[in-house]
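Quick notes on the structure that follows.
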Amino acid sequence: MTAMRKLLANWLPAYAFLYIAFLYLPVLLLPVFSVNASPIPKFPLTGVTLDWYAGLPQTPALLDAAWNSLVVGVAASLLSTLLGICAARAITRYRFPGRRAVSGLIMAPLVLPEIIVAISLLLVLLQLGLSLSLFTVVLGHVLICIPYSMTVLTSGFEGFDRSLEEASADLGESAFGTFRRVTLPMVAPAIVSSLLVSFTISLDEFVMAFFLTGTDPTLPVYVWGQLRFAAKLPGVLALGTLLLAASFLLLTLAEMLRRRAERRTKLTGGVLA
Amino acid sequence: MPERTMIEIAGVTRSYGAFKALDDASLSIREGEFFSLLGPSGCGKTTLLRLIAGFDSPTSGSIAIDGQPMNGIPANRRPTNMVFQSYAIFPHLNVEQNVGYGLKRLRLDASEERRRVVEALAQVSLSGLGKRGATELSGGQRQRVALARALVMRPKVLLLDEPLSALDKKLREQMQVELRRLQQAVGITFILVTHDQYEALAMSDRIAVMFGGRIAQVAAPKEIYQRPVNRQVADFLGGMNFVQAEIVGEEAGQIVVDTKAFGRVRTDKPKLFQRNGGSATLGIRPERLRVLWDEARAKFEVAGTVVDRHYFGEITHLIVEIPGLEKPLSVTETNDFGADDIPVGTPIRLAYDPDALVAMGE
């Protein structure tokens with residue numbers, strides 16, 4: 001038994017290290033190859049260049065796709081945060097029958113096979129006679145962003161002491177004044193955090209966008225299209241690196257804000273999905 | 001003390017479905033009074049406080065503050081301010097901003113607003129901490145900020161919802177003294193909700209004891225303690241020995257009863273006294289029974305045997321069996337004469353004052 005324990009003690013750190021390396025090394029290769037002079041992603045590197053980055057703004061199709069992604073991301077994050085606020089407020093504030101079921105159903109898209117949801121949504125939208133466009137992509141993205149919005153917002157709203165709003169009213173403030181001076185400042189970090197998280201999710205979402213878009217591709221769909229041409233690969237790597245950096249920045253910011261909101265409402269624990 | 005009525009509560013009931021959280025409560029609270037609502041949890045004391053503050057509306061009955069009927073008037077337009085049990089300090093504001101929160105609505109000029117905030121902070125001994133963030137405060141400091149934030153509004157009535165329950169014992173006792181002193185300095189009517197009988201007794205001008213949504217007794221602390229109207233009130237305010245007695249005479253607000261241990265006793269008839277056939281319940285507090293040492297004699301004494309002993313540091317509880325009494329008497333004796341050394345089984349004599357025996361309802 002002790003031998004077993006000793007073995008584990010020696011090998012567990014090694015296992016953990018390998019695990020992390022396997023998870024993140026490929027991602028780290030992306031920026032490395034994106035500055036490689038040769039268009040073929042292969043070691044040894046032939047030289048350092050920023051040409052691939054410089055070439056990005058000269059590709060109109062890419063700029064269009066980036067604009068599409070921006071529009072979809074902003075719309076989807078606004079919508080999912082708005083709906084998330086309503087749901088999170090209801091679930092944290094009120095006790096009603098079916099509360100757990102409702103919260104479970106809202107979180108479900110997180111674990112449903114995305115391709116099945118996308119196909120079902122496509123069928124429904126076509127049945128409704130809606131033509132595919134960026135609007136339908138927004139609908140799909142809202143569906144998968146809401147669970148993330150909910151998680152962030154619930155942790156911001158939970159533990160929000162109701163007596164704070166009562167104290168404000170007691171000190172003479174009106175309902176609107178209370179919302180403006182107490183409720184909003186306290187939950188603002190969670191709201192911003194929810195906007196950032198859902199924007200990031202929408203930005204790099206592929207399956208929904210692939211099935212639900214019409215003639216306007218979003219960035220991930222564009223990237224997928226470019227992969228067929230070997231010559232375009234370095235540009236895709238450069239673009240991927242930028243997307244990676246943007247996602248990382250946005251999510252870090254979102255998590256910092258969420259923690260701040262949580263500290264304010266005096267809650268501990270809670271991990272971002 | 002002025003005798004003007006500040007709060008008039010008339011037949012107020014608050015029901016939640018079939019459950020009555022407050023049942024036909026009537027109460028009149030005087031201006032400048034330190035008034036306590038005392039009772040176990042669920043007795044309706046907090047419900048009553050929230051009805052006065054305007055966070056909730058009565059199902060029936062009416063509340064008037066300073067002669068103004070309050071029905072339909074929301075919390076933000078009532079001349080009351082509240083210190084919440086959780087203190088409800090705004091965590092995104094500093095101490096000064098918390099205290100000045102309500103003043104912003106009044107649109108005072110900046111120097112006047114500043115003066116009042118500084119004055120309120122001084123009243124609660126928090127001068128110099130104005131810039132401190134709300135999350136950097138200790139429990140006692142948060143409590144003071146909550147107090148200053150309410151007092152700065154100069155309310156006609158200050159409502160306190162178990163304000164000391166979150167503090168440790170030492171700090172709680174210190175705040176009791178300070179709160180009482182503060183109330184006398186500002187002269188505002190204070191209404192305190194508490195489940196701690198010592199707190200209520202130490203701080204209040206008058207106390208309303210509540211059980212199950214009903215007000216059982218309203219009186220000054222000494223009267224509540226010495227002349228409880230019924231067994232429930234007597235029990236809630238500390239130990240009480242109950243003795244069954246036979247009524248042998250009644251005259252002008254007094255009754256004469258015969259007890260097995262204390263003989264014939266004449267006592268005031270309590271307001272809520274219900275004749276239970278020919279019998280009555282008498283009570284005597286454990287500290288009103290004194291051990292008679294050696295050959296000491298008293299005009300009124302009762303003899304028994306010590307059957308148990310509990311040591312509490314400065315005092316000892318003796319359980320004394322008296323022939324003819326169904327339950328042994330509980331006696332509280334200070335330890336300066338060695339009550340903590342009396343062996344179980346010792347025959348003992350106890351002195352009592354017949355005035356300390358009070359009749360009460362069931």
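By order of appearance in the structure tokens: chains A, B, ..., then residues from 1 within every chain, and ligands from 1 in the order shown.
The residue set within 10 Å of Phe337 (chain B), counting only C-alpha atoms and dropping same-chain residues fewer than 4 places from it, reads Val291, Trp293, Glu333 and Asp341 of chain B.
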Please produce a file of those selected residues containing C-alpha atoms, as a JSON list (two decimals), in the first residue's frame.
```json
[["chain", "number", "residue", "atom", "x", "y", "z"],
["B", 291, "VAL", "CA", -30.78, 30.62, 52.11],
["B", 293, "TRP", "CA", -27.61, 30.12, 57.40],
["B", 333, "GLU", "CA", -27.85, 32.22, 45.70],
["B", 341, "ASP", "CA", -20.45, 24.12, 49.01]]
```
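Here is the contact set of chain A against chain B, at 10 Å and counting only C-alpha atoms: Asp161, Arg162, Ser163, Leu164, Glu165, Glu166, Ala167, Ser168, Ala169, Asp170, Leu171, Gly172, Glu173, Ser174, Ala175, Gly177, Arg181, Val182, Thr183, Pro185, Met186, Ala261, Arg263, Arg264, Thr265 and Lys266 of chain A.
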Write a file of the just-selected residues containing N, CA and C atoms, as a PDB file, in the first residue's frame.
```pdb
ATOM      1  N   ASP A 161     -28.103  40.943  -0.904  1.00  0.00           N
ATOM      2  CA  ASP A 161     -28.952  41.091   0.277  1.00  0.00           C
ATOM      3  C   ASP A 161     -30.134  41.994  -0.058  1.00  0.00           C
ATOM      4  N   ARG A 162     -31.326  41.425   0.047  1.00  0.00           N
ATOM      5  CA  ARG A 162     -32.504  42.195  -0.311  1.00  0.00           C
ATOM      6  C   ARG A 162     -32.671  43.426   0.580  1.00  0.00           C
ATOM      7  N   SER A 163     -32.147  43.333   1.801  1.00  0.00           N
ATOM      8  CA  SER A 163     -32.309  44.465   2.706  1.00  0.00           C
ATOM      9  C   SER A 163     -31.551  45.700   2.218  1.00  0.00           C
ATOM     10  N   LEU A 164     -30.602  45.514   1.268  1.00  0.00           N
ATOM     11  CA  LEU A 164     -29.933  46.691   0.706  1.00  0.00           C
ATOM     12  C   LEU A 164     -30.933  47.568  -0.033  1.00  0.00           C
ATOM     13  N   GLU A 165     -31.818  46.930  -0.799  1.00  0.00           N
ATOM     14  CA  GLU A 165     -32.833  47.697  -1.525  1.00  0.00           C
ATOM     15  C   GLU A 165     -33.844  48.299  -0.556  1.00  0.00           C
ATOM     16  N   GLU A 166     -34.135  47.531   0.510  1.00  0.00           N
ATOM     17  CA  GLU A 166     -35.057  48.068   1.518  1.00  0.00           C
ATOM     18  C   GLU A 166     -34.431  49.247   2.245  1.00  0.00           C
ATOM     19  N   ALA A 167     -33.128  49.124   2.548  1.00  0.00           N
ATOM     20  CA  ALA A 167     -32.445  50.215   3.243  1.00  0.00           C
ATOM     21  C   ALA A 167     -32.499  51.477   2.403  1.00  0.00           C
ATOM     22  N   SER A 168     -32.316  51.336   1.098  1.00  0.00           N
ATOM     23  CA  SER A 168     -32.360  52.488   0.208  1.00  0.00           C
ATOM     24  C   SER A 168     -33.745  53.140   0.237  1.00  0.00           C
ATOM     25  N   ALA A 169     -34.783  52.316   0.164  1.00  0.00           N
ATOM     26  CA  ALA A 169     -36.150  52.839   0.224  1.00  0.00           C
ATOM     27  C   ALA A 169     -36.384  53.504   1.579  1.00  0.00           C
ATOM     28  N   ASP A 170     -35.885  52.863   2.630  1.00  0.00           N
ATOM     29  CA  ASP A 170     -36.063  53.383   3.980  1.00  0.00           C
ATOM     30  C   ASP A 170     -35.422  54.765   4.121  1.00  0.00           C
ATOM     31  N   LEU A 171     -34.337  54.997   3.379  1.00  0.00           N
ATOM     32  CA  LEU A 171     -33.639  56.285   3.457  1.00  0.00           C
ATOM     33  C   LEU A 171     -34.244  57.303   2.507  1.00  0.00           C
ATOM     34  N   GLY A 172     -35.419  56.968   1.940  1.00  0.00           N
ATOM     35  CA  GLY A 172     -36.168  57.960   1.181  1.00  0.00           C
ATOM     36  C   GLY A 172     -36.039  57.848  -0.321  1.00  0.00           C
ATOM     37  N   GLU A 173     -35.274  56.872  -0.812  1.00  0.00           N
ATOM     38  CA  GLU A 173     -35.057  56.771  -2.253  1.00  0.00           C
ATOM     39  C   GLU A 173     -36.243  56.078  -2.927  1.00  0.00           C
ATOM     40  N   SER A 174     -36.568  56.535  -4.159  1.00  0.00           N
ATOM     41  CA  SER A 174     -37.667  55.930  -4.911  1.00  0.00           C
ATOM     42  C   SER A 174     -37.216  54.595  -5.501  1.00  0.00           C
ATOM     43  N   ALA A 175     -38.161  53.853  -6.094  1.00  0.00           N
ATOM     44  CA  ALA A 175     -37.829  52.546  -6.666  1.00  0.00           C
ATOM     45  C   ALA A 175     -36.798  52.695  -7.781  1.00  0.00           C
ATOM     46  N   GLY A 177     -34.712  55.266  -8.219  1.00  0.00           N
ATOM     47  CA  GLY A 177     -33.479  55.744  -7.601  1.00  0.00           C
ATOM     48  C   GLY A 177     -32.707  54.608  -6.954  1.00  0.00           C
ATOM     49  N   ARG A 181     -29.003  53.688  -7.913  1.00  0.00           N
ATOM     50  CA  ARG A 181     -27.928  53.955  -6.950  1.00  0.00           C
ATOM     51  C   ARG A 181     -27.429  52.714  -6.217  1.00  0.00           C
ATOM     52  N   VAL A 182     -28.260  51.666  -6.151  1.00  0.00           N
ATOM     53  CA  VAL A 182     -27.829  50.474  -5.397  1.00  0.00           C
ATOM     54  C   VAL A 182     -27.749  49.230  -6.288  1.00  0.00           C
ATOM     55  N   THR A 183     -28.899  48.862  -6.894  1.00  0.00           N
ATOM     56  CA  THR A 183     -28.944  47.597  -7.616  1.00  0.00           C
ATOM     57  C   THR A 183     -27.962  47.573  -8.781  1.00  0.00           C
ATOM     58  N   PRO A 185     -25.228  49.532  -9.666  1.00  0.00           N
ATOM     59  CA  PRO A 185     -23.780  49.508  -9.391  1.00  0.00           C
ATOM     60  C   PRO A 185     -23.309  48.171  -8.830  1.00  0.00           C
ATOM     61  N   MET A 186     -24.190  47.506  -8.095  1.00  0.00           N
ATOM     62  CA  MET A 186     -23.756  46.258  -7.485  1.00  0.00           C
ATOM     63  C   MET A 186     -23.689  45.108  -8.469  1.00  0.00           C
ATOM     64  N   ALA A 261     -17.687  41.401  -8.625  1.00  0.00           N
ATOM     65  CA  ALA A 261     -19.123  41.439  -8.327  1.00  0.00           C
ATOM     66  C   ALA A 261     -19.438  40.499  -7.174  1.00  0.00           C
ATOM     67  N   ARG A 263     -17.389  39.475  -4.769  1.00  0.00           N
ATOM     68  CA  ARG A 263     -16.895  40.023  -3.501  1.00  0.00           C
ATOM     69  C   ARG A 263     -17.877  41.038  -2.953  1.00  0.00           C
ATOM     70  N   ARG A 264     -18.426  41.852  -3.841  1.00  0.00           N
ATOM     71  CA  ARG A 264     -19.361  42.886  -3.410  1.00  0.00           C
ATOM     72  C   ARG A 264     -20.589  42.285  -2.764  1.00  0.00           C
ATOM     73  N   THR A 265     -21.075  41.209  -3.342  1.00  0.00           N
ATOM     74  CA  THR A 265     -22.291  40.629  -2.776  1.00  0.00           C
ATOM     75  C   THR A 265     -21.956  39.583  -1.738  1.00  0.00           C
ATOM     76  N   LYS A 266     -20.674  39.527  -1.351  1.00  0.00           N
ATOM     77  CA  LYS A 266     -20.267  38.686  -0.234  1.00  0.00           C
ATOM     78  C   LYS A 266     -20.530  37.206  -0.471  1.00  0.00           C
TER      79      LYS A 266
END
```
Need to verify the contact set: Ile119 (chain A), 12 Å, only C-alpha atoms, exclusion of same-chain residues closer than 6 positions in sequence. Can you return it as a VMD selection string?
chain A and resid 113 125 to 126 140 207 to 212
For the selection just defined, write its residues with N, CA and C atoms to a file, as a JSON list (two decimals), in the first residue's frame.
```json
[["chain", "number", "residue", "atom", "x", "y", "z"],
["A", 113, "PRO", "N", -25.64, 17.92, -27.69],
["A", 113, "PRO", "CA", -24.74, 17.93, -28.86],
["A", 113, "PRO", "C", -25.10, 19.12, -29.74],
["A", 125, "LEU", "N", -36.42, 26.84, -38.30],
["A", 125, "LEU", "CA", -36.36, 28.15, -38.96],
["A", 125, "LEU", "C", -36.85, 28.06, -40.39],
["A", 126, "LEU", "N", -36.48, 26.98, -41.09],
["A", 126, "LEU", "CA", -36.92, 26.82, -42.48],
["A", 126, "LEU", "C", -38.42, 26.60, -42.53],
["A", 140, "GLY", "N", -29.25, 31.40, -32.94],
["A", 140, "GLY", "CA", -28.54, 30.19, -32.51],
["A", 140, "GLY", "C", -27.53, 30.50, -31.42],
["A", 207, "VAL", "N", -20.26, 25.61, -35.21],
["A", 207, "VAL", "CA", -21.32, 24.71, -35.68],
["A", 207, "VAL", "C", -22.62, 25.45, -36.01],
["A", 208, "MET", "N", -23.10, 26.23, -35.06],
["A", 208, "MET", "CA", -24.33, 27.00, -35.25],
["A", 208, "MET", "C", -24.19, 27.92, -36.46],
["A", 209, "ALA", "N", -23.07, 28.65, -36.49],
["A", 209, "ALA", "CA", -22.84, 29.62, -37.55],
["A", 209, "ALA", "C", -22.82, 28.91, -38.91],
["A", 210, "PHE", "N", -22.18, 27.74, -38.96],
["A", 210, "PHE", "CA", -22.06, 27.00, -40.20],
["A", 210, "PHE", "C", -23.43, 26.58, -40.74],
["A", 211, "PHE", "N", -24.31, 26.12, -39.84],
["A", 211, "PHE", "CA", -25.62, 25.64, -40.29],
["A", 211, "PHE", "C", -26.60, 26.77, -40.55],
["A", 212, "LEU", "N", -26.49, 27.85, -39.77],
["A", 212, "LEU", "CA", -27.56, 28.84, -39.79],
["A", 212, "LEU", "C", -27.25, 30.08, -40.63]]
```
Who sits within 12 Å of Val117 (chain B), only C-alpha atoms, same chain under 3 positions skipped, as a CSV table (one decimal) with C-alpha atoms, in the first residue's frame:
```
chain,number,residue,atom,x,y,z
B,95,VAL,CA,-18.6,55.1,5.2
B,96,GLU,CA,-19.3,58.8,4.4
B,97,GLN,CA,-21.3,57.9,1.2
B,98,ASN,CA,-23.3,55.3,3.2
B,99,VAL,CA,-24.1,57.8,5.9
B,100,GLY,CA,-24.9,60.6,3.4
B,101,TYR,CA,-27.0,58.3,1.2
B,102,GLY,CA,-30.4,59.5,2.3
B,103,LEU,CA,-29.3,63.2,2.5
B,104,LYS,CA,-28.6,63.2,-1.2
B,108,LEU,CA,-29.0,70.2,1.0
B,110,ALA,CA,-22.8,70.7,0.1
B,111,SER,CA,-21.5,72.2,3.4
B,112,GLU,CA,-24.7,71.5,5.3
B,113,GLU,CA,-24.7,67.9,4.0
B,114,ARG,CA,-21.1,67.5,5.0
B,120,ALA,CA,-23.6,61.7,12.7
B,121,LEU,CA,-20.2,60.0,12.6
B,122,ALA,CA,-19.2,61.7,15.8
B,123,GLN,CA,-22.4,60.6,17.5
B,124,VAL,CA,-21.5,57.0,16.9
B,126,LEU,CA,-16.6,56.9,14.0
B,127,SER,CA,-15.0,60.2,13.4
B,128,GLY,CA,-12.1,60.0,11.0
B,129,LEU,CA,-13.3,56.7,9.4
B,130,GLY,CA,-15.4,58.5,6.7
B,131,LYS,CA,-13.2,57.4,3.8
B,145,VAL,CA,-22.4,53.1,10.3
B,147,LEU,CA,-26.9,53.7,13.1
B,148,ALA,CA,-25.3,56.9,11.8
B,149,ARG,CA,-27.0,56.4,8.4
B,150,ALA,CA,-30.4,56.3,10.0
B,151,LEU,CA,-29.8,59.0,12.6
B,152,VAL,CA,-28.5,61.5,10.1
B,153,MET,CA,-32.0,61.6,8.6
B,154,ARG,CA,-33.4,62.9,11.9
```
From region 219-357 of chain B, collect each residue whose DSSP state is helix (DSSP H, G or I) and return the set as a VMD selection string.
chain B and resid 221 to 226 231 to 236 286 to 288 335 to 337 339 to 341 354 to 356
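The interatomic distance for the pair CA of Pro286 (chain B) and CA of Ala339 (chain B) works out to 13.8 Å.
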Find the spatial neighbours of Leu243 (chain A), counting only C-alpha atoms, within a cut-off of 12 Å - ignore same-chain residues fewer than 6 positions away - and output them as a PyMOL selection string.
chain A and resi 27+30-31+66+69-70+200-205+219-220+223+236-237+249-250
Just to be explicit: take each residue in the selection above, keep N, CA and C atoms, and write the result as a PDB file, in the first residue's frame.
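Once everything was written out, this is part29.pdb:
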```
ATOM      1  N   VAL A  27      -1.904  24.611 -28.826  1.00  0.00           N
ATOM      2  CA  VAL A  27      -2.384  25.987 -28.910  1.00  0.00           C
ATOM      3  C   VAL A  27      -1.206  26.940 -29.017  1.00  0.00           C
ATOM      4  N   LEU A  30       0.361  27.518 -32.480  1.00  0.00           N
ATOM      5  CA  LEU A  30      -0.347  28.425 -33.391  1.00  0.00           C
ATOM      6  C   LEU A  30       0.417  29.744 -33.555  1.00  0.00           C
ATOM      7  N   PRO A  31       0.667  30.472 -32.485  1.00  0.00           N
ATOM      8  CA  PRO A  31       1.433  31.723 -32.656  1.00  0.00           C
ATOM      9  C   PRO A  31       2.844  31.486 -33.198  1.00  0.00           C
ATOM     10  N   ALA A  66     -14.977  39.257 -40.477  1.00  0.00           N
ATOM     11  CA  ALA A  66     -14.714  39.819 -39.153  1.00  0.00           C
ATOM     12  C   ALA A  66     -15.844  40.757 -38.750  1.00  0.00           C
ATOM     13  N   SER A  69     -18.844  38.743 -37.764  1.00  0.00           N
ATOM     14  CA  SER A  69     -18.670  38.159 -36.432  1.00  0.00           C
ATOM     15  C   SER A  69     -18.909  39.202 -35.355  1.00  0.00           C
ATOM     16  N   LEU A  70     -18.413  40.422 -35.619  1.00  0.00           N
ATOM     17  CA  LEU A  70     -18.577  41.502 -34.650  1.00  0.00           C
ATOM     18  C   LEU A  70     -20.061  41.811 -34.446  1.00  0.00           C
ATOM     19  N   THR A 200     -17.407  36.429 -26.451  1.00  0.00           N
ATOM     20  CA  THR A 200     -16.299  35.528 -26.777  1.00  0.00           C
ATOM     21  C   THR A 200     -16.806  34.190 -27.299  1.00  0.00           C
ATOM     22  N   ILE A 201     -17.854  33.672 -26.652  1.00  0.00           N
ATOM     23  CA  ILE A 201     -18.423  32.396 -27.097  1.00  0.00           C
ATOM     24  C   ILE A 201     -18.915  32.528 -28.543  1.00  0.00           C
ATOM     25  N   SER A 202     -19.647  33.617 -28.796  1.00  0.00           N
ATOM     26  CA  SER A 202     -20.202  33.833 -30.125  1.00  0.00           C
ATOM     27  C   SER A 202     -19.087  34.000 -31.158  1.00  0.00           C
ATOM     28  N   LEU A 203     -18.015  34.695 -30.766  1.00  0.00           N
ATOM     29  CA  LEU A 203     -16.929  35.001 -31.694  1.00  0.00           C
ATOM     30  C   LEU A 203     -16.311  33.739 -32.294  1.00  0.00           C
ATOM     31  N   ASP A 204     -16.119  32.709 -31.477  1.00  0.00           N
ATOM     32  CA  ASP A 204     -15.425  31.533 -32.027  1.00  0.00           C
ATOM     33  C   ASP A 204     -16.353  30.320 -32.175  1.00  0.00           C
ATOM     34  N   GLU A 205     -17.672  30.563 -32.207  1.00  0.00           N
ATOM     35  CA  GLU A 205     -18.606  29.452 -32.352  1.00  0.00           C
ATOM     36  C   GLU A 205     -18.694  29.058 -33.830  1.00  0.00           C
ATOM     37  N   LEU A 219     -16.312  34.644 -38.816  1.00  0.00           N
ATOM     38  CA  LEU A 219     -14.885  34.332 -38.860  1.00  0.00           C
ATOM     39  C   LEU A 219     -14.582  32.833 -38.819  1.00  0.00           C
ATOM     40  N   PRO A 220     -15.147  32.076 -37.873  1.00  0.00           N
ATOM     41  CA  PRO A 220     -14.817  30.643 -37.849  1.00  0.00           C
ATOM     42  C   PRO A 220     -15.219  29.935 -39.141  1.00  0.00           C
ATOM     43  N   VAL A 223     -12.627  30.809 -41.684  1.00  0.00           N
ATOM     44  CA  VAL A 223     -11.384  30.069 -41.425  1.00  0.00           C
ATOM     45  C   VAL A 223     -11.506  28.645 -41.955  1.00  0.00           C
ATOM     46  N   VAL A 236      -4.405  31.998 -41.943  1.00  0.00           N
ATOM     47  CA  VAL A 236      -5.359  31.446 -40.982  1.00  0.00           C
ATOM     48  C   VAL A 236      -4.714  31.329 -39.603  1.00  0.00           C
ATOM     49  N   LEU A 237      -3.433  30.909 -39.599  1.00  0.00           N
ATOM     50  CA  LEU A 237      -2.731  30.791 -38.318  1.00  0.00           C
ATOM     51  C   LEU A 237      -2.604  32.164 -37.644  1.00  0.00           C
ATOM     52  N   LEU A 249      -7.979  37.606 -23.556  1.00  0.00           N
ATOM     53  CA  LEU A 249      -8.092  38.913 -22.900  1.00  0.00           C
ATOM     54  C   LEU A 249      -9.503  39.146 -22.372  1.00  0.00           C
ATOM     55  N   LEU A 250     -10.490  38.897 -23.253  1.00  0.00           N
ATOM     56  CA  LEU A 250     -11.878  39.158 -22.879  1.00  0.00           C
ATOM     57  C   LEU A 250     -12.296  38.287 -21.702  1.00  0.00           C
TER      58      LEU A 250
END
```
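Using only C-alpha atoms for every distance, the candidate list B:Val256, B:Leu167, B:Met70, B:Ile284 yields B:Ile284 as the residue closest to Phe242 (chain B).
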Going by DSSP on the backbone, which residues of region 20-129 of chain B come out as strand (DSSP E or B)? List them as an MDAnalysis selection string.
chainID B and resid 20:30 34:38 60:65 68:69 80:83 94
Filtering to N, CA and C atoms, could you give me those residues as a CSV table (one decimal), in the first residue's frame?
```
chain,number,residue,atom,x,y,z
B,20,LYS,N,-51.6,33.8,10.9
B,20,LYS,CA,-51.6,35.2,11.3
B,20,LYS,C,-50.3,35.5,12.0
B,21,ALA,N,-49.4,36.2,11.3
B,21,ALA,CA,-48.1,36.5,11.8
B,21,ALA,C,-48.3,37.6,12.9
B,22,LEU,N,-49.3,38.4,12.8
B,22,LEU,CA,-49.6,39.4,13.8
B,22,LEU,C,-51.2,39.4,13.9
B,23,ASP,N,-51.6,39.3,15.2
B,23,ASP,CA,-53.0,39.0,15.4
B,23,ASP,C,-53.6,40.1,16.3
B,24,ASP,N,-54.3,41.1,15.7
B,24,ASP,CA,-55.0,42.1,16.4
B,24,ASP,C,-54.2,42.8,17.4
B,25,ALA,N,-53.0,43.4,17.0
B,25,ALA,CA,-52.1,44.1,17.9
B,25,ALA,C,-52.5,45.5,18.0
B,26,SER,N,-52.7,46.0,19.3
B,26,SER,CA,-52.9,47.4,19.6
B,26,SER,C,-51.9,47.9,20.5
B,27,LEU,N,-51.3,49.1,20.3
B,27,LEU,CA,-50.2,49.5,21.0
B,27,LEU,C,-50.0,51.0,20.8
B,28,SER,N,-49.6,51.7,21.9
B,28,SER,CA,-49.4,53.1,21.8
B,28,SER,C,-48.0,53.4,22.3
B,29,ILE,N,-47.2,54.0,21.5
B,29,ILE,CA,-45.8,54.3,21.9
B,29,ILE,C,-45.6,55.8,22.0
B,30,ARG,N,-45.0,56.2,23.1
B,30,ARG,CA,-44.9,57.6,23.4
B,30,ARG,C,-43.7,58.3,22.7
B,34,PHE,N,-37.9,54.7,24.7
B,34,PHE,CA,-37.1,53.6,24.2
B,34,PHE,C,-38.0,52.4,24.4
B,35,PHE,N,-38.6,51.9,23.3
B,35,PHE,CA,-39.6,50.8,23.4
B,35,PHE,C,-39.1,49.5,22.8
B,36,SER,N,-39.3,48.4,23.5
B,36,SER,CA,-38.8,47.1,22.9
B,36,SER,C,-39.9,46.2,22.6
B,37,LEU,N,-39.8,45.5,21.5
B,37,LEU,CA,-40.7,44.4,21.2
B,37,LEU,C,-39.9,43.1,21.5
B,38,LEU,N,-40.3,42.4,22.5
B,38,LEU,CA,-39.6,41.2,23.0
B,38,LEU,C,-40.4,39.9,22.8
B,60,SER,N,-55.4,44.1,8.2
B,60,SER,CA,-56.4,44.9,8.7
B,60,SER,C,-55.9,45.7,9.8
B,61,GLY,N,-56.5,46.8,10.2
B,61,GLY,CA,-56.1,47.7,11.3
B,61,GLY,C,-55.3,48.8,10.7
B,62,SER,N,-54.9,49.7,11.6
B,62,SER,CA,-54.2,50.9,11.1
B,62,SER,C,-53.0,51.3,12.0
B,63,ILE,N,-52.1,52.0,11.4
B,63,ILE,CA,-50.9,52.5,12.1
B,63,ILE,C,-50.8,54.0,11.8
B,64,ALA,N,-50.6,54.8,12.9
B,64,ALA,CA,-50.4,56.2,12.7
B,64,ALA,C,-49.1,56.6,13.3
B,65,ILE,N,-48.3,57.5,12.6
B,65,ILE,CA,-47.1,58.0,13.2
B,65,ILE,C,-47.2,59.5,13.4
B,68,GLN,N,-50.3,61.1,11.9
B,68,GLN,CA,-50.6,60.9,10.5
B,68,GLN,C,-50.9,59.4,10.2
B,69,PRO,N,-52.0,59.1,9.6
B,69,PRO,CA,-52.3,57.7,9.2
B,69,PRO,C,-51.3,57.3,8.2
B,80,THR,N,-39.7,57.4,9.4
B,80,THR,CA,-39.0,56.4,10.2
B,80,THR,C,-37.7,56.0,9.5
B,81,ASN,N,-36.7,55.6,10.2
B,81,ASN,CA,-35.5,55.0,9.6
B,81,ASN,C,-35.2,53.7,10.4
B,82,MET,N,-34.5,52.8,9.7
B,82,MET,CA,-34.3,51.5,10.3
B,82,MET,C,-32.8,51.1,10.3
B,83,VAL,N,-32.5,50.4,11.4
B,83,VAL,CA,-31.2,49.7,11.5
B,83,VAL,C,-31.4,48.3,11.3
B,94,ASN,N,-18.3,54.1,0.4
B,94,ASN,CA,-17.5,54.2,1.7
B,94,ASN,C,-18.4,54.6,2.8
```
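In this model, the gap between CA of Leu134 (chain A) and CA of Leu233 (chain A) comes to 25.8 Å.
A straight line drawn from CA of Glu8 (chain B) to CA of Met175 (chain B) is 28.3 Å long.
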